[in-house]
Structures are given as C-alpha cells and as structure tokens.
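**Student:** The structure under discussion is supplied below as structure tokens; questions concerning it will follow.
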Amino acid sequence: MEYPISEIIKIVNGKFASQPHFDRGIKDILIDSRKLIAAGQTLFFALASKRNDGHKYIPELYSRGLRDFVVTKVPEDINSYPEANFILVKNSLVALQALARAHREKFNIPVIGITGSNGKTVVKEWLYQLLSKDRRTIRSPKSYNSQIGVPLSVWQMDSPYEIAIFEAGISEPDEMNRLEAIIRPTIGLFTNIGEAHGENFMSLQQKVGEKLCLFTHVETLVYCHDHPEVREVIIRSGIRKNIKTFTWSFKQEADLFIKEVEKDNGKLTHIKGVFKGKPVSIGIPYADAASVENAIHCWAVMLLLGYEPENIASRFENLQPIAMRLELKDGINHCTIINDSYNSDINSLSIAIDFLRQQANHKKKTIIISDILQSGKDEDELYSYIGSIIKSKQ
C-alpha cells in the first residue's frame with residue numbers, strides 16, 4: 001500500500017519545513033538508519049530518546065538516497081537537502097503512531113491482540129504456525145510489542161493478509177490506550193500476570209487493569225479462569241457487559257475445561273478437555289508447564305475461530321520451538337545449555353528452572369543469572385526471593 005506525502009502530512013498533523021514539496025509515494029517507514037533498504041519510497045521518523053537522536057542520521061540517510069523525513073527540529077543546514085521533504089511535527093513518536101493507526105483503519109480482517117506478563121511472543125508465534133497453514137497471516141516480528149514496535153508491526157498489514165496477530169506490552173500506566181488504538185484487536189488474549197515491569201504500578205491489580213485496556217473494543221476476550229488477579233479485575237471492570245468472553249480452566253466450569261494433562265513415554269504431552277459438552281484433546285511435543293499453558297491459549301483461540309477439533313489436533317503435534325525462549329543446545333564436554341536470556345524476570349526464571357530440572361540426564365546443574373531489572377522489588381527483597389526459588393527447586 002502506498003501513501004502520498006500529501007496524505008501523510010495530514011495524518012500526522014505536520015507541516016512542511018522545506019520548499020519545494022515533492023509528493024512522493026511512501027511504502028516503507030524507517031526508524032533505524034542501519035535498516036534502510038529501498039530509499040526511494042521510505043519515510044524516516046527521527047525519534048529522540050535518552051540514548052540517541054534520530055536527527056543526527058539525516059545527512060547519512062540523505063547521502064544514501066532517502067528524501068522524506070519526519071522531524072521535530074529542522075536541520076540548520078536545510079539548504080543542503082534540496083530534494084528532501086521535512087515534515088515538522090511536535091512529537092515524532094506520536095506521528096508514527098498516528099500513521100500506523102490510520103493504516104490499521106483500512107483493514108477489516110480478524111486481528112488478535114495479545115498481552116500479559118509471560119508467553120506473549122511464544123503464543124503469537126505458535127498461533128502463526130497454527131493459522132498460517134490455511135490463512136494468510138501477518139504477525140508482529142520478534143517481540144515488537146512496545147510503543148515503537150507495535151506501529152512498526154501494524155504497518156506490515158496489507159491486502160493479501162486474512163488475519164493478523166499482534167502482541168502488546170507496557171511498563172507504565174496509560175501506555176496501553178495508545179497501543180489499543182493502533183492494534184484495534186477484534187479478538188483479545190490475556191495470557192497471565194506476574195511481577196515483571198511492576199515498579200511503575202501501585203499494585204498487580206492496577207497492572208492488570210492497564211493491560212485490560214487493550215481489549216476495550218474486542219468482540220471476544222480469551223483468558224484463563226485460573227489466574228485470580230486477571231479474573232477478578234475482568235469481573236470488576238464491567239468489560240463483560242460490552243464484549244464476549246471465551247474462558248478455559250483446569251479448576252472450574254469454562255468454555256474449554258481441561259480435565260487432564262498426561263505425559264506419555266513418547267514425544268507428546270496429551271491435553272484432554274471438554275468443549276461444548278464433547279471430549280477434545282491435543283498433543284504437544286513439550287512437557288513443561290509454561291508450554292502447556294501457552295498451547296491451551298492457542299487451542300482456545302482456534303476453537304473460538306471455528307476450527308474443527310480434529311483439524312486442530314493434527315496441527316499441535318508439529319509445533320516448532322520458538323527461538324529466544326528455553327532454547328536447548330548441545331554444549332562442549334557433554335553439557336546441555338538452556339538459553340533463556342530473552343526473558344529476565346522472576347516468573348521466567350522459575351519456569352526456566354522447572355525446565356532445567358526435567359533434563360534428568362545431567363546430575364550437575366548450574367544457573368547463570370544476569371541482572372533482573374524492573375521487578376518492582378528492592379535488591380535485598382528481590383535476590384532473597386530468587387534465592388528461595390533456587391533452594392525450593394533444589
């Protein structure tokens with residue numbers, strides 16, 4: 001899809017800071033000068049942060065053929081860029097989000113929005129594997145779930161796609177409303193809640209409430225009934241008056257009730273449940289509790305989308321591992337390495353240690369822990385708690 005500069009300047013509420021104006025068509029947006037591919041139809045957003053300022057890369061990008069820039073300050077040597085368009089805005093991040101929001105509004109396809117403390121990226125990638133077999137599916141690259149990552153993800157939407165999957169993450173209040181307006185999910189999936197990124201929230205309940213803002217306009221929200229903090233905030237919020245819900249549970253009546261998780265001697269873990277009064281089951285090639293929960297989230301979404309239980313089961317058996325989470329690799333001297341460096345929070349550590357304990361072929365086990373940031377705990381409390389986790393899991 002192509003946007004003329006004349007349309008973009010209206011969308012981002014900007015004004016030209018240079019003469020003359022060239023009404024080129026834009027297909028790509030760029031925030032990182034190192035990732036420039038096709039300069040001719042690319043618009044660069046000069047984002048400024050505590051660590052860096054995109055404005056300083058303008059000379060380099062211009063020399064490489066890029067001609068269209070969104071800026072918050074005009075280059076002092078503007079006459080050195082005779083073929084450039086400089087669109088002046090108050091805030092280049094807000095402008096990026098506005099353009100992504102306008103782009104999203106052009107599509108009327110199912111959009112799955114995922115949030116929670118853990119499992120967002122794995123669930124997103126597994127849903128992509130499961131759905132892309134018969135639907136042209138677009139999803140967030142890697143873990144692009146931030147104020148910058150979400151607009152870059154949504155910008156990928158195009159006419160060939162039939163369904164989209166985007167994840168959203170926040171680290172402080174009032175962020176999710178902006179992401180909701182960009183993603184506008186039609187189906188919501190709340191994975192779970194934990195202590196990660198908790199230092200900017202007064203309580204776990206407040207954090208759940210902020211994350212819940214992603215689902216203000218969904219048709220249906222999928223979540224596990226067994227996470228009390230999530231369940232109680234959903235009930236108190238009154239959101240169920242305006243949207244439908246699809247719940248799953250190990251413990252109580254739900255749309256998908258899980259009766260049993262059985263690990264056989266082969267390669268599969270069998271998850272058995274009841275859906276619409278009938279027995280259903282899937283088998284997954286993973287045994288850890290996090291993978292079981294992530295798989296059930298995906299199962300619930302596929303049932304909601306109307307897939308036949310038999311069709312679903314065959315797809316789950318071939319789920320591929322997601323790089324970045326719990327990568328199992330062969331090391332030297334008959335060692336096995338579990339790489340979980342993609343995540344660094346208390347919940348992920350506990351899950352990783354459980355996975356470590358399942359590797360029964362090794363007697364000696366070593367844990368290497370990097371700093372755990374944004375836990376909401378002071379260091380004494382945090383590392384005392386980590387010590388207790390390690391001790392309890394032997």
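Going through the structure tokens in order, the chains are called A, B, and so on, while each chain numbers its residues from 1 and the ligands are numbered from 1 in the order shown.
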Need to verify the contact set: Glu180 of chain A, 10 Å, only C-alpha atoms, exclusion of same-chain residues closer than 3 positions in sequence. Can you return it as a list in words?

**Tutor:**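 Answer for this query is Arg101, Gly113, Val150, Ala168, Glu175, Met176, Asn177, Ile183, Arg184, Pro185, Lys211, Leu212, Cys213, Leu214, Phe215, Thr216, His217 and Val218 of chain A.
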
**Student:** Using only C-alpha atoms, please write the residues we just selected to a file, as a CSV table (one decimal), in the first residue's frame.

**Tutor:**
```csv
chain,number,residue,atom,x,y,z
A,101,ARG,CA,-3.4,3.9,13.4
A,113,GLY,CA,-4.3,-8.8,20.2
A,150,VAL,CA,3.5,-2.0,17.7
A,168,ALA,CA,1.4,-5.5,23.2
A,175,GLU,CA,0.6,3.2,27.6
A,176,MET,CA,-1.9,0.6,26.6
A,177,ASN,CA,-4.6,3.0,25.4
A,183,ILE,CA,-3.9,-2.5,17.0
A,184,ARG,CA,-7.7,-2.3,17.5
A,185,PRO,CA,-8.0,-6.1,18.1
A,211,LYS,CA,-3.3,-4.3,30.3
A,212,LEU,CA,-7.0,-4.9,30.1
A,213,CYS,CA,-7.3,-1.6,28.2
A,214,LEU,CA,-6.1,-3.4,25.1
A,215,PHE,CA,-9.5,-5.2,24.9
A,216,THR,CA,-11.8,-2.3,25.2
A,217,HIS,CA,-13.3,-2.8,21.7
A,218,VAL,CA,-12.8,-6.5,21.0
```

**Student:** Among segment 142-342 of chain A, which residues does DSSP mark as strand (DSSP E or B) when it is run on the backbone? Keep the chain and numbering as in the structure and answer as a CSV table (one decimal) with all heavy atoms, in the first residue's frame.

**Tutor:**
```
chain,number,residue,atom,x,y,z
A,163,ILE,N,-5.7,-12.5,8.3
A,163,ILE,CA,-5.8,-12.5,9.8
A,163,ILE,C,-4.4,-11.9,10.3
A,163,ILE,O,-3.4,-12.1,9.7
A,163,ILE,CB,-6.1,-13.8,10.4
A,163,ILE,CG1,-6.4,-13.7,11.9
A,163,ILE,CG2,-4.9,-14.8,10.2
A,163,ILE,CD1,-7.1,-15.0,12.5
A,164,ALA,N,-4.5,-11.1,11.4
A,164,ALA,CA,-3.3,-10.5,11.9
A,164,ALA,C,-3.2,-10.9,13.4
A,164,ALA,O,-4.2,-11.0,14.1
A,164,ALA,CB,-3.3,-9.0,11.7
A,165,ILE,N,-1.9,-11.0,13.9
A,165,ILE,CA,-1.7,-11.3,15.3
A,165,ILE,C,-0.6,-10.3,15.8
A,165,ILE,O,0.5,-10.3,15.3
A,165,ILE,CB,-1.1,-12.7,15.5
A,165,ILE,CG1,-2.0,-13.8,14.7
A,165,ILE,CG2,-1.1,-13.1,16.9
A,165,ILE,CD1,-1.3,-15.1,14.6
A,166,PHE,N,-1.0,-9.5,16.8
A,166,PHE,CA,0.0,-8.5,17.3
A,166,PHE,C,0.0,-8.6,18.8
A,166,PHE,O,-1.0,-8.8,19.5
A,166,PHE,CB,-0.5,-7.1,16.9
A,166,PHE,CG,-0.5,-6.9,15.5
A,166,PHE,CD1,-1.7,-6.5,14.9
A,166,PHE,CD2,0.6,-7.1,14.6
A,166,PHE,CE1,-1.8,-6.2,13.5
A,166,PHE,CE2,0.5,-6.9,13.3
A,166,PHE,CZ,-0.7,-6.5,12.7
A,167,GLU,N,1.2,-8.5,19.4
A,167,GLU,CA,1.3,-8.5,20.9
A,167,GLU,C,1.6,-7.1,21.4
A,167,GLU,O,2.1,-6.3,20.6
A,167,GLU,CB,2.5,-9.5,21.3
A,167,GLU,CG,3.8,-9.2,20.8
A,167,GLU,CD,4.9,-10.0,21.4
A,167,GLU,OE1,5.1,-9.9,22.6
A,167,GLU,OE2,5.5,-10.8,20.7
A,187,ILE,N,-10.2,-9.8,18.5
A,187,ILE,CA,-10.1,-10.9,19.4
A,187,ILE,C,-9.0,-10.6,20.4
A,187,ILE,O,-7.9,-10.2,20.0
A,187,ILE,CB,-9.8,-12.2,18.8
A,187,ILE,CG1,-11.0,-12.6,17.8
A,187,ILE,CG2,-9.5,-13.3,19.8
A,187,ILE,CD1,-10.7,-13.8,17.0
A,188,GLY,N,-9.2,-10.7,21.7
A,188,GLY,CA,-8.2,-10.4,22.7
A,188,GLY,C,-7.8,-11.7,23.4
A,188,GLY,O,-8.6,-12.6,23.6
A,189,LEU,N,-6.5,-11.7,23.8
A,189,LEU,CA,-6.0,-12.9,24.5
A,189,LEU,C,-5.1,-12.4,25.6
A,189,LEU,O,-4.1,-11.7,25.4
A,189,LEU,CB,-5.2,-13.8,23.6
A,189,LEU,CG,-4.4,-15.0,24.2
A,189,LEU,CD1,-5.4,-15.8,25.0
A,189,LEU,CD2,-3.7,-15.8,23.2
A,190,PHE,N,-5.5,-12.6,26.9
A,190,PHE,CA,-4.8,-12.2,28.1
A,190,PHE,C,-4.1,-13.5,28.6
A,190,PHE,O,-4.7,-14.4,29.1
A,190,PHE,CB,-5.7,-11.7,29.1
A,190,PHE,CG,-5.1,-10.8,30.1
A,190,PHE,CD1,-5.7,-9.6,30.4
A,190,PHE,CD2,-3.9,-11.1,30.7
A,190,PHE,CE1,-5.2,-8.7,31.4
A,190,PHE,CE2,-3.3,-10.2,31.6
A,190,PHE,CZ,-4.0,-9.0,32.0
A,220,THR,N,-14.4,-10.6,21.3
A,220,THR,CA,-14.3,-11.7,22.3
A,220,THR,C,-12.9,-11.6,23.0
A,220,THR,O,-11.9,-11.4,22.3
A,220,THR,CB,-14.5,-13.0,21.6
A,220,THR,OG1,-15.7,-13.1,20.9
A,220,THR,CG2,-14.5,-14.2,22.7
A,221,LEU,N,-12.9,-11.8,24.3
A,221,LEU,CA,-11.7,-11.9,25.1
A,221,LEU,C,-11.5,-13.3,25.6
A,221,LEU,O,-12.4,-13.9,26.2
A,221,LEU,CB,-11.8,-10.9,26.3
A,221,LEU,CG,-10.7,-11.0,27.3
A,221,LEU,CD1,-9.3,-10.8,26.7
A,221,LEU,CD2,-10.9,-10.1,28.5
A,222,VAL,N,-10.3,-13.9,25.3
A,222,VAL,CA,-9.9,-15.2,25.7
A,222,VAL,C,-9.0,-15.1,26.9
A,222,VAL,O,-8.0,-14.3,26.9
A,222,VAL,CB,-9.2,-16.0,24.6
A,222,VAL,CG1,-8.7,-17.3,25.0
A,222,VAL,CG2,-10.1,-16.1,23.3
A,223,TYR,N,-9.3,-15.8,28.0
A,223,TYR,CA,-8.4,-15.8,29.1
A,223,TYR,C,-8.6,-17.1,30.0
A,223,TYR,O,-9.6,-17.8,29.8
A,223,TYR,CB,-8.6,-14.6,30.0
A,223,TYR,CG,-9.9,-14.4,30.7
A,223,TYR,CD1,-10.1,-14.8,32.0
A,223,TYR,CD2,-11.0,-14.0,30.0
A,223,TYR,CE1,-11.3,-14.7,32.6
A,223,TYR,CE2,-12.2,-13.8,30.6
A,223,TYR,CZ,-12.4,-14.2,32.0
A,223,TYR,OH,-13.6,-14.1,32.6
A,224,CYS,N,-7.6,-17.3,30.9
A,224,CYS,CA,-7.7,-18.5,31.8
A,224,CYS,C,-8.4,-18.1,33.0
A,224,CYS,O,-8.0,-17.1,33.7
A,224,CYS,CB,-6.3,-19.0,32.1
A,224,CYS,SG,-6.3,-20.4,33.3
A,244,LYS,N,-17.8,-10.3,24.5
A,244,LYS,CA,-18.0,-11.7,24.8
A,244,LYS,C,-16.7,-12.2,25.4
A,244,LYS,O,-15.6,-11.6,25.2
A,244,LYS,CB,-18.3,-12.5,23.6
A,244,LYS,CG,-19.6,-12.1,22.9
A,244,LYS,CD,-19.8,-12.9,21.6
A,244,LYS,CE,-21.1,-12.4,20.9
A,244,LYS,NZ,-21.2,-13.1,19.5
A,245,THR,N,-16.8,-13.3,26.1
A,245,THR,CA,-15.6,-14.0,26.7
A,245,THR,C,-15.5,-15.4,26.3
A,245,THR,O,-16.5,-16.1,26.1
A,245,THR,CB,-15.5,-13.8,28.2
A,245,THR,OG1,-16.6,-14.5,28.8
A,245,THR,CG2,-15.4,-12.4,28.6
A,246,PHE,N,-14.3,-15.9,26.2
A,246,PHE,CA,-14.1,-17.4,26.0
A,246,PHE,C,-13.0,-17.8,27.0
A,246,PHE,O,-11.9,-17.3,27.0
A,246,PHE,CB,-13.5,-17.6,24.6
A,246,PHE,CG,-13.4,-19.1,24.2
A,246,PHE,CD1,-14.3,-19.7,23.3
A,246,PHE,CD2,-12.4,-19.9,24.8
A,246,PHE,CE1,-14.2,-21.0,23.0
A,246,PHE,CE2,-12.3,-21.3,24.5
A,246,PHE,CZ,-13.2,-21.8,23.6
A,247,THR,N,-13.4,-18.6,28.0
A,247,THR,CA,-12.6,-18.9,29.1
A,247,THR,C,-12.1,-20.4,29.0
A,247,THR,O,-12.8,-21.2,28.4
A,247,THR,CB,-13.3,-18.7,30.5
A,247,THR,OG1,-14.5,-19.5,30.5
A,247,THR,CG2,-13.6,-17.2,30.6
A,248,TRP,N,-11.0,-20.6,29.7
A,248,TRP,CA,-10.5,-22.0,29.8
A,248,TRP,C,-10.1,-22.2,31.3
A,248,TRP,O,-9.7,-21.2,31.9
A,248,TRP,CB,-9.5,-22.5,28.8
A,248,TRP,CG,-8.2,-21.8,28.9
A,248,TRP,CD1,-7.7,-20.7,28.3
A,248,TRP,CD2,-7.0,-22.2,29.7
A,248,TRP,NE1,-6.4,-20.4,28.6
A,248,TRP,CE2,-6.0,-21.3,29.5
A,248,TRP,CE3,-6.8,-23.3,30.6
A,248,TRP,CZ2,-4.7,-21.5,30.1
A,248,TRP,CZ3,-5.6,-23.5,31.2
A,248,TRP,CH2,-4.6,-22.5,30.9
A,249,SER,N,-10.1,-23.4,31.8
A,249,SER,CA,-9.8,-23.7,33.2
A,249,SER,C,-9.5,-25.1,33.5
A,249,SER,O,-10.0,-26.0,32.8
A,249,SER,CB,-11.0,-23.2,34.1
A,249,SER,OG,-10.7,-23.5,35.4
A,256,LEU,N,-13.7,-24.0,27.7
A,256,LEU,CA,-12.9,-25.1,27.5
A,256,LEU,C,-12.4,-25.6,28.8
A,256,LEU,O,-11.6,-24.9,29.5
A,256,LEU,CB,-11.7,-24.7,26.6
A,256,LEU,CG,-10.6,-25.8,26.4
A,256,LEU,CD1,-11.1,-27.1,25.7
A,256,LEU,CD2,-9.4,-25.2,25.5
A,257,PHE,N,-12.9,-26.7,29.3
A,257,PHE,CA,-12.5,-27.3,30.6
A,257,PHE,C,-11.4,-28.3,30.4
A,257,PHE,O,-11.6,-29.3,29.7
A,257,PHE,CB,-13.7,-27.9,31.3
A,257,PHE,CG,-13.3,-28.5,32.6
A,257,PHE,CD1,-12.9,-27.8,33.7
A,257,PHE,CD2,-13.4,-29.9,32.8
A,257,PHE,CE1,-12.5,-28.4,34.9
A,257,PHE,CE2,-13.1,-30.5,34.0
A,257,PHE,CZ,-12.6,-29.7,35.0
A,258,ILE,N,-10.3,-28.1,31.1
A,258,ILE,CA,-9.1,-29.1,30.9
A,258,ILE,C,-9.2,-30.1,32.0
A,258,ILE,O,-9.2,-29.8,33.2
A,258,ILE,CB,-7.8,-28.3,31.0
A,258,ILE,CG1,-7.7,-27.1,30.0
A,258,ILE,CG2,-6.6,-29.3,30.8
A,258,ILE,CD1,-7.9,-27.5,28.6
A,259,LYS,N,-9.4,-31.4,31.6
A,259,LYS,CA,-9.6,-32.5,32.5
A,259,LYS,C,-8.3,-33.1,32.9
A,259,LYS,O,-8.1,-33.5,34.1
A,259,LYS,CB,-10.5,-33.5,31.9
A,259,LYS,CG,-11.9,-33.1,31.7
A,259,LYS,CD,-12.8,-34.2,31.1
A,259,LYS,CE,-13.0,-35.3,32.1
A,259,LYS,NZ,-13.9,-36.4,31.5
A,260,GLU,N,-7.3,-33.2,32.0
A,260,GLU,CA,-6.1,-34.0,32.3
A,260,GLU,C,-5.0,-33.5,31.4
A,260,GLU,O,-5.2,-33.2,30.2
A,260,GLU,CB,-6.4,-35.4,32.1
A,260,GLU,CG,-5.3,-36.4,32.4
A,260,GLU,CD,-5.7,-37.8,32.1
A,260,GLU,OE1,-6.8,-38.1,31.5
A,260,GLU,OE2,-4.9,-38.7,32.5
A,261,VAL,N,-3.8,-33.5,32.0
A,261,VAL,CA,-2.5,-33.4,31.2
A,261,VAL,C,-1.7,-34.6,31.5
A,261,VAL,O,-1.3,-34.9,32.6
A,261,VAL,CB,-1.8,-32.1,31.6
A,261,VAL,CG1,-0.5,-32.0,30.9
A,261,VAL,CG2,-2.6,-30.8,31.4
A,262,GLU,N,-1.5,-35.4,30.4
A,262,GLU,CA,-0.8,-36.7,30.6
A,262,GLU,C,0.4,-36.7,29.7
A,262,GLU,O,0.4,-36.5,28.5
A,262,GLU,CB,-1.8,-37.8,30.2
A,262,GLU,CG,-1.3,-39.2,30.3
A,262,GLU,CD,-2.3,-40.2,29.9
A,262,GLU,OE1,-2.7,-40.1,28.7
A,262,GLU,OE2,-2.7,-41.0,30.7
A,263,LYS,N,1.6,-37.0,30.3
A,263,LYS,CA,2.8,-37.1,29.6
A,263,LYS,C,3.1,-38.6,29.3
A,263,LYS,O,3.2,-39.4,30.3
A,263,LYS,CB,4.0,-36.5,30.4
A,263,LYS,CG,3.7,-35.0,30.7
A,263,LYS,CD,4.6,-34.5,31.8
A,263,LYS,CE,4.2,-33.0,32.1
A,263,LYS,NZ,5.0,-32.4,33.2
A,269,THR,N,2.9,-34.6,25.0
A,269,THR,CA,2.1,-34.4,26.2
A,269,THR,C,0.7,-34.2,25.7
A,269,THR,O,0.4,-33.4,24.9
A,269,THR,CB,2.6,-33.1,26.9
A,269,THR,OG1,3.9,-33.3,27.4
A,269,THR,CG2,1.7,-32.8,28.1
A,270,HIS,N,-0.2,-35.1,26.3
A,270,HIS,CA,-1.6,-35.1,25.8
A,270,HIS,C,-2.4,-34.2,26.8
A,270,HIS,O,-2.4,-34.4,28.0
A,270,HIS,CB,-2.1,-36.5,25.8
A,270,HIS,CG,-1.4,-37.4,24.9
A,270,HIS,ND1,-1.7,-37.4,23.5
A,270,HIS,CD2,-0.4,-38.3,25.1
A,270,HIS,CE1,-0.9,-38.3,22.9
A,270,HIS,NE2,-0.1,-38.8,23.8
A,271,ILE,N,-3.1,-33.3,26.2
A,271,ILE,CA,-4.0,-32.4,27.0
A,271,ILE,C,-5.5,-32.7,26.6
A,271,ILE,O,-5.8,-32.5,25.5
A,271,ILE,CB,-3.7,-30.9,26.7
A,271,ILE,CG1,-2.2,-30.6,26.8
A,271,ILE,CG2,-4.5,-30.0,27.6
A,271,ILE,CD1,-1.8,-29.2,26.4
A,272,LYS,N,-6.2,-33.1,27.6
A,272,LYS,CA,-7.6,-33.6,27.4
A,272,LYS,C,-8.6,-32.6,28.0
A,272,LYS,O,-8.4,-32.2,29.1
A,272,LYS,CB,-7.8,-35.0,27.9
A,272,LYS,CG,-6.8,-36.0,27.3
A,272,LYS,CD,-7.0,-37.4,27.9
A,272,LYS,CE,-6.0,-38.4,27.3
A,272,LYS,NZ,-6.1,-39.7,27.9
A,273,GLY,N,-9.6,-32.3,27.3
A,273,GLY,CA,-10.6,-31.4,27.8
A,273,GLY,C,-12.0,-31.6,27.3
A,273,GLY,O,-12.3,-32.6,26.7
A,274,VAL,N,-12.9,-30.7,27.7
A,274,VAL,CA,-14.3,-30.8,27.2
A,274,VAL,C,-14.7,-29.4,26.6
A,274,VAL,O,-14.4,-28.4,27.2
A,274,VAL,CB,-15.2,-31.1,28.4
A,274,VAL,CG1,-16.7,-31.1,28.0
A,274,VAL,CG2,-14.9,-32.4,29.1
A,275,PHE,N,-15.2,-29.5,25.4
A,275,PHE,CA,-15.7,-28.3,24.7
A,275,PHE,C,-17.1,-28.5,24.1
A,275,PHE,O,-17.3,-29.5,23.4
A,275,PHE,CB,-14.7,-27.9,23.6
A,275,PHE,CG,-15.1,-26.8,22.7
A,275,PHE,CD1,-15.2,-25.5,23.3
A,275,PHE,CD2,-15.4,-27.0,21.4
A,275,PHE,CE1,-15.6,-24.4,22.5
A,275,PHE,CE2,-15.8,-25.9,20.6
A,275,PHE,CZ,-15.9,-24.6,21.1
A,278,LYS,N,-18.4,-32.0,24.6
A,278,LYS,CA,-17.8,-33.1,24.0
A,278,LYS,C,-16.3,-33.2,24.3
A,278,LYS,O,-15.7,-32.2,24.5
A,278,LYS,CB,-17.9,-33.0,22.4
A,278,LYS,CG,-19.4,-33.1,22.0
A,278,LYS,CD,-19.5,-33.0,20.5
A,278,LYS,CE,-20.9,-33.1,20.0
A,278,LYS,NZ,-21.0,-32.9,18.5
A,279,PRO,N,-15.8,-34.4,24.4
A,279,PRO,CA,-14.3,-34.6,24.7
A,279,PRO,C,-13.5,-34.1,23.6
A,279,PRO,O,-13.8,-34.4,22.4
A,279,PRO,CB,-14.2,-36.1,25.0
A,279,PRO,CG,-15.3,-36.7,24.3
A,279,PRO,CD,-16.4,-35.8,24.3
A,280,VAL,N,-12.4,-33.3,23.9
A,280,VAL,CA,-11.5,-32.9,22.9
A,280,VAL,C,-10.1,-33.1,23.4
A,280,VAL,O,-9.9,-33.1,24.6
A,280,VAL,CB,-11.7,-31.4,22.5
A,280,VAL,CG1,-13.0,-31.2,21.7
A,280,VAL,CG2,-11.7,-30.5,23.8
A,281,SER,N,-9.1,-33.2,22.5
A,281,SER,CA,-7.7,-33.3,23.0
A,281,SER,C,-6.7,-32.9,22.0
A,281,SER,O,-7.0,-32.8,20.8
A,281,SER,CB,-7.5,-34.8,23.4
A,281,SER,OG,-7.5,-35.6,22.2
A,282,ILE,N,-5.6,-32.5,22.5
A,282,ILE,CA,-4.4,-32.2,21.6
A,282,ILE,C,-3.2,-32.8,22.2
A,282,ILE,O,-3.2,-33.1,23.4
A,282,ILE,CB,-4.2,-30.6,21.5
A,282,ILE,CG1,-4.0,-30.0,22.8
A,282,ILE,CG2,-5.3,-30.0,20.7
A,282,ILE,CD1,-3.5,-28.5,22.8
A,283,GLY,N,-2.2,-33.0,21.4
A,283,GLY,CA,-0.9,-33.4,21.9
A,283,GLY,C,0.2,-32.5,21.4
A,283,GLY,O,0.2,-32.0,20.3
A,284,ILE,N,1.1,-32.1,22.4
A,284,ILE,CA,2.1,-31.1,22.0
A,284,ILE,C,3.5,-31.8,22.3
A,284,ILE,O,3.6,-32.5,23.3
A,284,ILE,CB,2.0,-29.8,22.8
A,284,ILE,CG1,2.1,-30.0,24.3
A,284,ILE,CG2,0.7,-29.1,22.4
A,284,ILE,CD1,2.2,-28.7,25.1
A,327,GLU,N,15.8,-22.2,24.7
A,327,GLU,CA,16.5,-22.9,23.6
A,327,GLU,C,17.4,-24.0,24.3
A,327,GLU,O,18.2,-23.7,25.1
A,327,GLU,CB,17.3,-22.0,22.8
A,327,GLU,CG,16.5,-21.0,22.0
A,327,GLU,CD,17.4,-20.0,21.3
A,327,GLU,OE1,17.9,-19.0,21.9
A,327,GLU,OE2,17.8,-20.3,20.1
A,328,LEU,N,17.2,-25.2,23.8
A,328,LEU,CA,18.0,-26.4,24.3
A,328,LEU,C,19.1,-26.6,23.3
A,328,LEU,O,18.9,-27.0,22.1
A,328,LEU,CB,17.1,-27.6,24.5
A,328,LEU,CG,17.7,-28.7,25.4
A,328,LEU,CD1,17.8,-28.2,26.8
A,328,LEU,CD2,16.7,-29.9,25.3
A,329,LYS,N,20.4,-26.5,23.7
A,329,LYS,CA,21.5,-26.6,22.8
A,329,LYS,C,22.6,-27.6,23.4
A,329,LYS,O,22.7,-27.7,24.6
A,329,LYS,CB,22.2,-25.3,22.5
A,329,LYS,CG,21.2,-24.3,21.8
A,329,LYS,CD,22.0,-23.0,21.5
A,329,LYS,CE,21.0,-22.0,20.8
A,329,LYS,NZ,21.7,-20.8,20.4
A,330,ASP,N,23.3,-28.3,22.5
A,330,ASP,CA,24.4,-29.1,23.0
A,330,ASP,C,25.6,-28.3,23.2
A,330,ASP,O,26.0,-27.5,22.3
A,330,ASP,CB,24.7,-30.2,21.9
A,330,ASP,CG,23.6,-31.2,21.8
A,330,ASP,OD1,22.9,-31.5,22.9
A,330,ASP,OD2,23.3,-31.7,20.7
A,336,THR,N,24.7,-29.7,28.4
A,336,THR,CA,23.5,-29.2,27.7
A,336,THR,C,23.3,-27.8,28.2
A,336,THR,O,23.3,-27.5,29.4
A,336,THR,CB,22.3,-30.0,28.0
A,336,THR,OG1,22.5,-31.4,27.5
A,336,THR,CG2,21.0,-29.5,27.4
A,337,ILE,N,23.0,-26.8,27.2
A,337,ILE,CA,22.8,-25.4,27.6
A,337,ILE,C,21.4,-25.1,27.3
A,337,ILE,O,20.8,-25.3,26.2
A,337,ILE,CB,23.7,-24.5,26.7
A,337,ILE,CG1,25.2,-24.8,27.0
A,337,ILE,CG2,23.4,-23.0,27.1
A,337,ILE,CD1,26.1,-24.2,26.0
A,338,ILE,N,20.7,-24.5,28.3
A,338,ILE,CA,19.3,-23.9,28.1
A,338,ILE,C,19.5,-22.4,28.1
A,338,ILE,O,19.8,-21.8,29.1
A,338,ILE,CB,18.4,-24.4,29.3
A,338,ILE,CG1,18.3,-25.9,29.3
A,338,ILE,CG2,17.0,-23.7,29.1
A,338,ILE,CD1,17.6,-26.4,30.6
A,339,ASN,N,19.2,-21.9,27.0
A,339,ASN,CA,19.3,-20.4,26.8
A,339,ASN,C,17.9,-19.8,27.0
A,339,ASN,O,17.1,-19.9,26.1
A,339,ASN,CB,19.9,-20.1,25.4
A,339,ASN,CG,19.9,-18.6,25.2
A,339,ASN,OD1,19.9,-17.8,26.1
A,339,ASN,ND2,19.9,-18.2,23.9
```

**Student:** Select, from A:Ser237, A:Gln358, A:Ser350, A:Asn311, the residue with the minimum atom-to-atom distance to Asn118 of chain A, counting only C-alpha atoms.

**Tutor:**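 Counting only C-alpha atoms, the residue closest to Asn118 of chain A is A:Ser350.
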
**Student:** Looking only at the backbone, which of the residues in segment 193-292 of chain A does DSSP tag as helix (DSSP H, G or I), as number ranges by chain?

**Tutor:** A: 204-215, 228-237, 239-241, 289-292

**Student:** Interatomic distance between atom CA of Ile235 of chain A and atom CA of Gly169 of chain A?

**Tutor:** 21.7 Å

**Student:** Hey, what's within 10 Å of segment 76-84 of chain A if we count only C-alpha atoms and toss same-chain stuff fewer than 5 positions away? As an MDAnalysis selection string, please?

**Tutor:** chainID A and resid 17:22 58:59 62:63 65:69

**Student:** Determine the nearest neighbour of Glu125 of chain A from the options A:Val233, A:Ser143, A:Pro110, A:His227, counting only C-alpha atoms.

**Tutor:**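 Of all the options, A:Ser143 lies closest to Glu125 of chain A.
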
**Student:** Write out as an MDAnalysis selection string each polymer residue whose atoms come within 10 Å of Ile148 of chain A, counting only C-alpha atoms; drop sequence neighbours fewer than 6 positions from it.

**Tutor:** chainID A and resid 31 47 93:94 96:97 179

**Student:** With a distance cut-off of 9 Å and only C-alpha atoms, select the neighbouring residues of Ala290 of chain A, excluding the residue or stretch itself and same-chain residues fewer than 2 positions from it, and output the selection as a list in words.

**Tutor:** Asn118, Gly119, Ala287, Asp288, Val292, Glu293, Asn294, Ala295 and Ile351 of chain A

**Student:** Go ahead and save the residues from that selection, with C-alpha atoms, as an mmCIF file, in the first residue's frame.

**Tutor:**
```cif
data_model
loop_
_atom_site.group_PDB
_atom_site.id
_atom_site.type_symbol
_atom_site.label_atom_id
_atom_site.label_comp_id
_atom_site.auth_asym_id
_atom_site.auth_seq_id
_atom_site.Cartn_x
_atom_site.Cartn_y
_atom_site.Cartn_z
ATOM 1 C CA ASN A 118 4.629 -14.104 30.093
ATOM 2 C CA GLY A 119 4.120 -16.118 26.951
ATOM 3 C CA ALA A 287 6.287 -31.203 28.719
ATOM 4 C CA ASP A 288 6.915 -28.030 30.749
ATOM 5 C CA VAL A 292 1.151 -26.459 28.271
ATOM 6 C CA GLU A 293 -0.435 -23.136 29.264
ATOM 7 C CA ASN A 294 0.693 -21.424 26.065
ATOM 8 C CA ALA A 295 -0.677 -24.276 23.963
ATOM 9 C CA ILE A 351 9.790 -21.595 34.520
#
```
